[in-house]
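my_file05.cif (mmCIF, C-alpha atoms) appears below.
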```cif
data_upload
#
loop_
_atom_site.label_atom_id
_atom_site.label_comp_id
_atom_site.auth_asym_id
_atom_site.auth_seq_id
_atom_site.Cartn_x
_atom_site.Cartn_y
_atom_site.Cartn_z
CA MET A 1 -48.61 -37.14 -9.51
CA SER A 2 -52.01 -35.53 -9.64
CA LYS A 3 -52.59 -32.72 -12.10
CA PRO A 4 -52.99 -29.92 -9.49
CA THR A 5 -49.78 -31.07 -7.77
CA SER A 6 -47.83 -31.12 -11.03
CA ILE A 7 -49.03 -27.62 -11.82
CA ILE A 8 -47.85 -26.37 -8.43
CA VAL A 9 -44.42 -28.01 -8.82
CA ALA A 10 -44.00 -26.63 -12.34
CA GLY A 11 -44.99 -23.19 -11.16
CA ALA A 12 -42.47 -23.31 -8.31
CA ILE A 13 -39.71 -24.37 -10.70
CA GLY A 14 -40.63 -21.58 -13.10
CA PHE A 15 -40.68 -19.00 -10.33
CA ALA A 16 -37.27 -20.14 -9.08
CA ALA A 17 -35.88 -19.84 -12.60
CA ILE A 18 -37.21 -16.29 -12.90
CA VAL A 19 -35.63 -15.34 -9.56
CA ILE A 20 -32.27 -16.75 -10.69
CA ILE A 21 -32.46 -14.81 -13.96
CA LEU A 22 -33.31 -11.58 -12.12
CA VAL A 23 -30.42 -12.07 -9.70
CA ILE A 24 -28.01 -12.47 -12.60
CA VAL A 25 -29.41 -9.89 -15.02
CA PHE A 26 -30.75 -7.12 -12.76
CA PRO A 27 -27.33 -5.76 -11.69
CA VAL A 28 -26.34 -5.55 -15.35
CA PHE A 29 -29.27 -3.27 -16.13
CA THR A 30 -29.05 -1.20 -12.96
CA ARG A 31 -25.35 -0.44 -13.24
CA SER A 32 -24.89 3.02 -14.68
CA PRO A 33 -23.48 2.66 -18.21
CA GLU A 34 -20.99 5.48 -17.66
CA MET A 35 -19.68 3.88 -14.46
CA PRO A 36 -17.58 0.78 -15.25
CA PRO A 37 -17.18 -1.72 -12.40
CA ASP A 38 -13.61 -0.59 -11.58
CA ARG A 39 -14.55 3.06 -11.11
CA SER A 40 -16.05 4.42 -7.90
CA ARG A 41 -18.38 7.39 -7.81
CA TYR A 42 -17.15 10.75 -6.63
CA PRO A 43 -18.48 12.06 -3.33
CA GLU A 44 -21.78 13.88 -3.73
CA GLN A 45 -20.26 17.31 -3.09
CA ALA A 46 -17.73 16.77 -5.89
CA LEU A 47 -20.54 16.33 -8.40
CA THR A 48 -21.98 19.79 -7.76
CA PRO A 49 -21.24 22.30 -10.52
CA GLU A 50 -18.47 24.80 -10.22
CA GLU A 51 -19.97 28.19 -9.37
CA ILE A 52 -18.60 31.55 -10.48
CA THR A 53 -20.31 34.78 -9.49
CA VAL A 54 -19.18 38.17 -10.77
CA ASN A 55 -20.20 41.54 -9.38
CA VAL A 56 -19.51 44.54 -11.63
CA ALA A 57 -19.43 48.13 -10.40
CA PRO A 58 -18.97 50.80 -13.11
CA ARG A 59 -17.10 53.87 -11.93
CA ASN A 60 -17.77 57.37 -13.15
CA ASP A 61 -14.16 57.65 -14.38
CA GLY A 62 -14.86 54.99 -17.04
CA SER A 63 -13.33 52.02 -15.24
CA LEU A 64 -14.93 48.86 -13.86
CA HIS A 65 -14.42 47.38 -10.42
CA VAL A 66 -14.99 43.64 -10.67
CA SER A 67 -15.31 41.03 -7.92
CA GLN A 68 -15.33 37.32 -8.74
CA ARG A 69 -16.07 34.42 -6.41
CA LEU A 70 -15.05 30.94 -7.53
CA ILE A 71 -16.43 27.88 -5.73
CA PHE A 72 -14.94 24.60 -6.88
CA ASP A 73 -14.44 21.03 -5.71
CA VAL A 74 -11.14 19.16 -5.85
CA THR A 75 -11.33 15.37 -5.96
CA ASP A 76 -7.60 14.67 -6.08
CA GLU A 77 -4.60 16.75 -5.18
CA MET A 78 -4.41 19.85 -7.37
CA LYS A 79 -0.76 20.92 -7.43
CA SER A 80 -0.97 23.91 -9.78
CA PRO A 81 -2.21 27.39 -8.78
CA LEU A 82 -5.41 28.89 -10.11
CA SER A 83 -4.79 30.70 -13.39
CA TRP A 84 -6.71 33.63 -14.78
CA TYR A 85 -6.10 34.82 -18.32
CA VAL A 86 -7.17 38.28 -19.41
CA GLY A 87 -6.43 40.03 -22.67
CA GLY A 88 -7.86 41.46 -25.85
CA GLU A 89 -11.25 40.20 -26.95
CA ARG A 90 -12.73 40.57 -30.42
CA ILE A 91 -16.26 41.96 -30.19
CA GLY A 92 -17.35 42.06 -33.80
CA TYR A 93 -16.55 42.90 -37.36
CA GLY A 94 -17.44 46.16 -39.00
CA VAL A 95 -20.08 46.46 -41.69
CA GLY A 96 -19.11 44.84 -44.99
CA ALA A 97 -15.32 44.78 -45.40
CA GLY A 98 -14.72 47.32 -42.64
CA PRO A 99 -12.62 46.96 -39.49
CA ARG A 100 -13.12 44.54 -36.68
CA TYR A 101 -13.36 45.79 -33.11
CA TYR A 102 -11.63 44.82 -29.90
CA VAL A 103 -11.68 45.55 -26.21
CA LEU A 104 -8.15 45.78 -24.78
CA PRO A 105 -8.62 46.18 -21.03
CA GLN A 106 -5.91 47.49 -18.77
CA VAL A 107 -5.85 45.50 -15.53
CA GLY A 108 -4.97 46.88 -12.12
CA GLU A 109 -5.46 46.44 -8.36
CA VAL A 110 -5.59 42.62 -8.48
CA SER A 111 -5.97 40.86 -5.14
CA ALA A 112 -7.23 37.43 -4.06
CA GLN A 113 -8.05 35.55 -0.89
CA GLU A 114 -9.31 32.13 0.15
CA LEU A 115 -12.48 31.86 2.24
CA SER A 116 -13.29 29.22 4.81
CA THR A 117 -15.72 26.38 4.05
CA ALA A 118 -16.45 25.71 7.72
CA GLU A 119 -20.08 25.60 8.84
CA ASP A 120 -19.90 29.03 10.48
CA SER A 121 -18.65 30.62 7.24
CA THR A 122 -21.60 31.65 5.02
CA LYS A 123 -21.93 33.46 1.72
CA GLU A 124 -23.34 36.46 3.57
CA ASN A 125 -20.68 36.40 6.30
CA PRO A 126 -17.65 34.46 5.03
CA ALA A 127 -14.64 33.76 7.22
CA GLU A 128 -11.24 34.42 5.67
CA VAL A 129 -8.50 31.79 5.50
CA GLY A 130 -5.83 34.08 4.12
CA ASP A 131 -4.57 36.09 1.17
CA LEU A 132 -3.35 34.37 -1.98
CA THR A 133 -0.13 35.38 -3.68
CA VAL A 134 -0.86 37.03 -7.04
CA THR A 135 1.76 36.65 -9.78
CA ARG A 136 1.47 38.19 -13.23
CA GLU A 137 3.06 36.58 -16.26
CA ASN A 138 3.15 38.22 -19.68
CA PRO A 139 2.82 35.67 -22.51
CA ALA A 140 5.35 36.00 -25.30
CA ILE A 141 2.85 37.39 -27.80
CA ASP A 142 3.86 40.46 -29.74
CA GLY A 143 1.05 42.47 -31.22
CA SER A 144 -1.03 45.52 -30.44
CA PHE A 145 -4.20 43.40 -30.49
CA SER A 146 -2.86 40.57 -28.37
CA ASP A 147 -2.05 42.43 -25.17
CA SER A 148 -2.65 39.82 -22.50
CA ALA A 149 -1.52 38.51 -19.14
CA VAL A 150 -1.87 35.41 -17.00
CA TYR A 151 -2.40 35.82 -13.28
CA ASP A 152 -1.59 32.92 -10.96
CA PHE A 153 -3.20 32.74 -7.54
CA THR A 154 -0.97 30.72 -5.24
CA ARG A 155 -2.19 29.30 -1.94
CA PRO A 156 0.37 29.04 0.87
CA LYS A 157 0.78 25.37 1.69
CA GLN A 158 -0.29 24.34 5.15
CA ALA A 159 1.79 22.11 7.40
CA GLY A 160 1.86 18.56 6.05
CA GLU A 161 0.37 19.51 2.68
CA ASP A 162 2.03 18.64 -0.60
CA SER A 163 -0.33 20.40 -3.02
CA GLN A 164 -1.86 23.76 -3.74
CA TRP A 165 -5.44 22.62 -3.28
CA THR A 166 -6.37 19.66 -1.12
CA PRO A 167 -9.39 17.45 -1.91
CA GLY A 168 -12.70 19.04 -0.95
CA ARG A 169 -14.50 22.31 -1.55
CA HIS A 170 -12.65 25.61 -1.92
CA VAL A 171 -13.85 29.20 -2.20
CA VAL A 172 -11.73 32.01 -3.64
CA ASP A 173 -12.55 35.70 -3.98
CA PHE A 174 -10.56 38.00 -6.22
CA THR A 175 -11.01 41.59 -7.27
CA TYR A 176 -9.55 43.78 -9.97
CA VAL A 177 -10.09 47.00 -11.89
CA LEU A 178 -10.43 47.24 -15.67
CA ASP A 179 -9.70 50.43 -17.59
CA ASP A 180 -10.15 51.23 -21.31
CA VAL A 181 -13.46 49.33 -21.28
CA TYR A 182 -15.88 52.26 -21.68
CA LEU A 183 -16.11 52.24 -25.46
CA ASN A 184 -17.75 53.75 -28.50
CA VAL A 185 -18.24 50.75 -30.78
CA ASP A 186 -19.82 51.41 -34.14
CA GLY A 187 -22.02 54.14 -32.65
CA HIS A 188 -22.84 52.23 -29.44
CA GLU A 189 -21.61 53.77 -26.17
CA LEU A 190 -21.24 51.03 -23.58
CA PHE A 191 -19.08 49.33 -21.00
CA VAL A 192 -17.55 46.10 -22.26
CA LEU A 193 -16.63 43.27 -19.87
CA PRO A 194 -14.64 40.33 -21.34
CA LEU A 195 -15.92 37.06 -19.92
CA ARG A 196 -12.65 35.79 -18.49
CA PHE A 197 -12.71 33.50 -15.47
CA PRO A 198 -10.12 31.61 -13.42
CA SER A 199 -9.90 27.88 -14.04
CA GLY A 200 -11.02 25.65 -11.19
CA SER A 201 -10.89 21.87 -11.04
CA ASN A 202 -13.03 21.47 -14.20
CA GLU A 203 -14.73 18.41 -12.69
CA ALA A 204 -18.20 19.60 -13.66
CA PRO A 205 -20.07 22.15 -15.80
CA SER A 206 -20.03 25.58 -14.24
CA MET A 207 -22.84 27.93 -13.32
CA ARG A 208 -21.85 31.51 -13.99
CA THR A 209 -23.58 34.70 -12.92
CA VAL A 210 -22.79 38.33 -13.75
CA SER A 211 -24.54 41.09 -11.77
CA LEU A 212 -24.37 44.84 -12.35
CA GLU A 213 -24.40 47.32 -9.48
CA ALA A 214 -25.37 50.13 -11.87
CA GLY A 215 -26.04 50.64 -15.56
CA GLY A 216 -27.49 48.08 -17.88
CA PRO A 217 -29.27 46.10 -19.09
CA ILE A 218 -26.77 43.39 -20.03
CA GLN A 219 -26.31 42.61 -23.72
CA CYS A 220 -24.11 39.86 -25.12
CA LEU A 221 -21.46 40.83 -27.67
CA PRO A 222 -21.03 37.91 -30.06
CA ASP A 223 -18.27 37.73 -32.63
CA ASN A 224 -20.55 38.57 -35.53
CA MET A 225 -20.04 40.16 -38.94
CA ASP A 226 -21.90 43.35 -38.02
CA PHE A 227 -21.48 44.75 -34.54
CA ASP A 228 -24.94 44.18 -33.10
CA PRO A 229 -25.36 43.75 -29.31
CA ASP A 230 -27.69 40.86 -28.53
CA PRO A 231 -30.13 41.59 -25.67
CA GLU A 232 -31.38 37.99 -25.73
CA CYS A 233 -27.90 36.39 -25.50
CA THR A 234 -28.90 33.77 -28.05
CA GLY A 235 -25.35 32.36 -28.11
CA LEU A 236 -25.78 30.98 -24.57
CA ASP A 237 -27.69 27.68 -24.51
CA LYS A 238 -28.98 27.67 -20.91
CA HIS A 239 -29.39 31.12 -19.43
CA ARG A 240 -31.79 33.46 -17.67
CA PHE A 241 -32.07 37.17 -16.91
CA THR A 242 -33.64 39.04 -14.04
CA ASP A 243 -36.57 41.24 -15.03
CA ASP A 244 -34.45 44.40 -15.14
CA GLY A 245 -31.70 42.72 -17.18
CA THR A 246 -28.93 43.52 -14.70
CA ARG A 247 -28.24 39.89 -13.72
CA LEU A 248 -27.41 37.08 -16.14
CA THR A 249 -26.92 33.43 -15.17
CA TRP A 250 -25.91 30.64 -17.52
CA SER A 251 -24.52 27.12 -17.60
CA GLU A 252 -21.23 26.67 -19.41
CA GLU A 253 -20.66 22.99 -20.10
CA ILE A 254 -17.88 23.22 -22.69
CA SER A 255 -17.30 26.67 -24.11
CA SER A 256 -19.31 29.76 -24.80
CA SER A 257 -19.84 31.52 -28.11
CA ILE A 258 -19.98 34.81 -26.22
CA GLY A 259 -16.66 36.52 -25.53
CA ALA A 260 -17.94 39.64 -23.75
CA ILE A 261 -20.99 41.43 -22.44
CA GLY A 262 -21.85 45.09 -22.85
CA PHE A 263 -24.14 47.43 -20.96
CA ALA A 264 -25.09 51.09 -20.95
CA ALA A 265 -23.30 53.32 -18.45
CA PRO A 266 -25.08 54.78 -15.41
CA GLU A 267 -26.17 58.40 -15.56
CA ASN A 268 -23.43 59.82 -13.31
CA MET A 269 -20.59 59.22 -15.77
CA GLN A 270 -17.89 61.90 -15.84
CA ALA A 271 -15.76 60.24 -18.52
CA GLU A 272 -16.32 60.01 -22.26
CA PRO A 273 -16.12 56.64 -24.02
CA ILE A 274 -13.00 55.95 -26.06
CA ASP A 275 -13.19 54.62 -29.59
CA ALA A 276 -12.90 50.84 -29.65
CA PRO A 277 -9.57 49.61 -31.02
CA GLU A 278 -9.93 48.29 -34.54
CA ARG A 279 -7.95 46.94 -37.44
CA GLU A 280 -8.68 46.04 -41.01
CA ARG A 281 -9.39 42.43 -41.81
CA SER A 282 -6.73 40.71 -43.88
#
```
Is it possible to express this structure as C-alpha cells?
Amino acid sequence: MSKPTSIIVAGAIGFAAIVIILVIVFPVFTRSPEMPPDRSRYPEQALTPEEITVNVAPRNDGSLHVSQRLIFDVTDEMKSPLSWYVGGERIGYGVGAGPRYYVLPQVGEVSAQELSTAEDSTKENPAEVGDLTVTRENPAIDGSFSDSAVYDFTRPKQAGEDSQWTPGRHVVDFTYVLDDVYLNVDGHELFVLPLRFPSGSNEAPSMRTVSLEAGGPIQCLPDNMDFDPDPECTGLDKHRFTDDGTRLTWSEEISSSIGAIGFAAPENMQAEPIDAPERERS
C-alpha cells in the first residue's frame, strides 16, 4: 500500500473511532445532572415560579384592607385545600434587656375566589370561576402572644374530579382586613403588615410583590435586638423597590429572614396608633 493511501485509510479509521466515541459519550455529558434517566421533565408552565402579589390599602380608622393573588402550578393532583396561617409576629427586641415587640393582628372580612385561566381571562380583566369556601381553624395554642388562626380555602370539586386542585395553572384571589396593626413601636408610628401567604404547590421558588395604595415607603422589620426598621430590606437576598418605595418585589426560594414590613401612615389618618404588644424576655 502506498504511503498516501495508508495515510488516508488510517485517517478514516481514526475519524470513525472519534465518531463512535462521541456517539457513546456525548449523551452522558449533555444529560442534565439533576435529571436522572428515569425522571421526565415537568411541562414548561410548571417550571415557572409561583407568583404572589399583595395590594395593601390603609384605612383612616387604623385598619388595613389587603388583597392577595396567588398564581401557582399543580403538576399532580393536589387533594388538600390552600392554607393560610396568620398570627402574632415578633418584630424586634427592645434596647438592652428590655421588652420584645409583637404585632397581633385581628383578622376579619375574609373571602376568596378562583379565577379562570382561559385565554380570554387576563390580569386586567379576569373571569371568575367561583367563590371558595373559607374555613377558620384555631390552633390549640394558649398564650396572649400566640393568637393565631389557619384559614382553609376549599374549591368545590367539579364533576369527575377527585382532588381539590387539578394539574395545571390556578389563580386565586383572597381579601381580608387586619386591625390592631397601626402601632407605636419604640417611638416609631407605622402600619405593620405580617408577611403571611397561602401555600401553593411549592414546586418552584416564588416571586412576591407588596404594593401600597397609600402611605410608605416600605421598610422591612427584621427580628433584631434593637427595633430598627430597615429601609434597604437587607434580609431579603433578591429584591427591588420602585423609586418611591411603595412597591417591593423579592424572590423567596426557601424562607425569608423578614417577618413583617412597616410603613408610615397616609396623612388622612383619623385613628391614633396603639402601643405595640410587648413582653419581657425570659
Name the residues that the PyMOL selection byres ((chain A and resi 135) around 6) picks from the file above, as a ChimeraX atom specification, using the file's chain letters and numbers. /A:134,136,151-152
Take the residues that were just selected and, keeping C-alpha atoms, output them as a PDB file, in the frame of the given file.
```pdb
ATOM      1  CA  VAL A 134      -0.860  37.030  -7.040  1.00  0.00           C
ATOM      2  CA  ARG A 136       1.470  38.190 -13.230  1.00  0.00           C
ATOM      3  CA  TYR A 151      -2.400  35.820 -13.280  1.00  0.00           C
ATOM      4  CA  ASP A 152      -1.590  32.920 -10.960  1.00  0.00           C
TER       5      ASP A 152
END
```
Might you spell out which residues the PyMOL selection byres ((chain A and resi 69) around 10) would select in the displayed file, as a list in words?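 So the PyMOL selection byres ((chain A and resi 69) around 10), applied here, picks out Glu51, Ile52, Thr53, Val54, Asn55, Ser67, Gln68, Leu70, Ile71, Phe72, Ala112, Gln113, Glu114, Leu115, Val171, Val172, Asp173, Phe174, Thr175, Phe197, Pro198, Arg208 and Thr209 of chain A.
Closest approach to Glu213 in chain A from the set A:Phe153, A:Tyr176, A:Phe263, A:Trp84 is made by A:Phe263, with distances taken over only C-alpha atoms.
Atom pair CA of Leu104 in chain A / CA of Val177 in chain A: separated by 13.1 Å.
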Counting all atoms listed in the file, the residue among A:Tyr85, A:Asp223, A:Gly92, A:Glu119 that lies closest to Val107 in chain A is A:Tyr85
Taking into account all atoms listed in the file, which residue in the set A:Ala265, A:Ala57, A:Ala271, A:Val150 is nearest to Leu212 in chain A? A:Ala57
For the structure shown, which residues end up in the PyMOL selection byres ((chain A and resi 217) around 7)? Put them as a list in words, please? Gly215, Gly216, Ile218, Gln219, Asp244, Gly245, Thr246, Phe263 and Ala264 of chain A
Write out as a PDB file with C-alpha atoms, in the coordinates of the input the residues lying within 7 Å of His239 in chain A, counting all atoms listed in the file and excluding same-chain residues fewer than 6 positions away.
```
ATOM      1  CA  THR A 249     -26.920  33.430 -15.170  1.00  0.00           C
ATOM      2  CA  TRP A 250     -25.910  30.640 -17.520  1.00  0.00           C
ATOM      3  CA  SER A 251     -24.520  27.120 -17.600  1.00  0.00           C
TER       4      SER A 251
END
```
Please tell me which residues are no farther than 12 Å from (-22.3, 56.6, -30.3) in the file, counting all atoms listed in the file, and write them as a tab-separated table (two decimals) with C-alpha atoms, keeping the file's coordinate frame.
```
chain	number	residue	atom	x	y	z
A	182	TYR	CA	-15.88	52.26	-21.68
A	183	LEU	CA	-16.11	52.24	-25.46
A	184	ASN	CA	-17.75	53.75	-28.50
A	185	VAL	CA	-18.24	50.75	-30.78
A	186	ASP	CA	-19.82	51.41	-34.14
A	187	GLY	CA	-22.02	54.14	-32.65
A	188	HIS	CA	-22.84	52.23	-29.44
A	189	GLU	CA	-21.61	53.77	-26.17
A	190	LEU	CA	-21.24	51.03	-23.58
A	264	ALA	CA	-25.09	51.09	-20.95
A	272	GLU	CA	-16.32	60.01	-22.26
A	273	PRO	CA	-16.12	56.64	-24.02
A	274	ILE	CA	-13.00	55.95	-26.06
A	275	ASP	CA	-13.19	54.62	-29.59
A	276	ALA	CA	-12.90	50.84	-29.65
```
To one decimal place, how far is CA of Leu195 in chain A from CA of Ala127 in chain A in Å? 27.4 Å
Closest of A:Val74, A:Val86, A:Leu248, A:Cys220 to Met207 in chain A - atom-to-atom distances counting only C-alpha atoms: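 Selected residue with least distance to Met207 in chain A: A:Leu248.
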From A:Glu109, A:Ala118, A:His170, A:Cys233, residue lying nearest Ala260 in chain A [all atoms listed in the file]: A:Cys233
Kindly provide, as a PyMOL selection string, the polymer residues lying within 7 Å of (-25.9, 37.5, -31.1), counting only C-alpha atoms and using the coordinates exactly as they appear in the file. chain A and resi 220-222+229-230+233-235
Selected residues written out, C-alpha atoms, as a tab-separated table (two decimals), in the frame of the given file:
```
chain	number	residue	atom	x	y	z
A	220	CYS	CA	-24.11	39.86	-25.12
A	221	LEU	CA	-21.46	40.83	-27.67
A	222	PRO	CA	-21.03	37.91	-30.06
A	229	PRO	CA	-25.36	43.75	-29.31
A	230	ASP	CA	-27.69	40.86	-28.53
A	233	CYS	CA	-27.90	36.39	-25.50
A	234	THR	CA	-28.90	33.77	-28.05
A	235	GLY	CA	-25.35	32.36	-28.11
```
Write out as a list of chain:residue names which residues come within 7 Å of Arg247 in chain A when counting all atoms listed in the file, dropping same-chain ones fewer than 6 positions away. A:Val210, A:Ser211, A:Leu212, A:Phe241
Grab the CA of Arg169 in chain A to CA of Lys157 in chain A distance for me, in Å with one decimal place. 15.9 Å
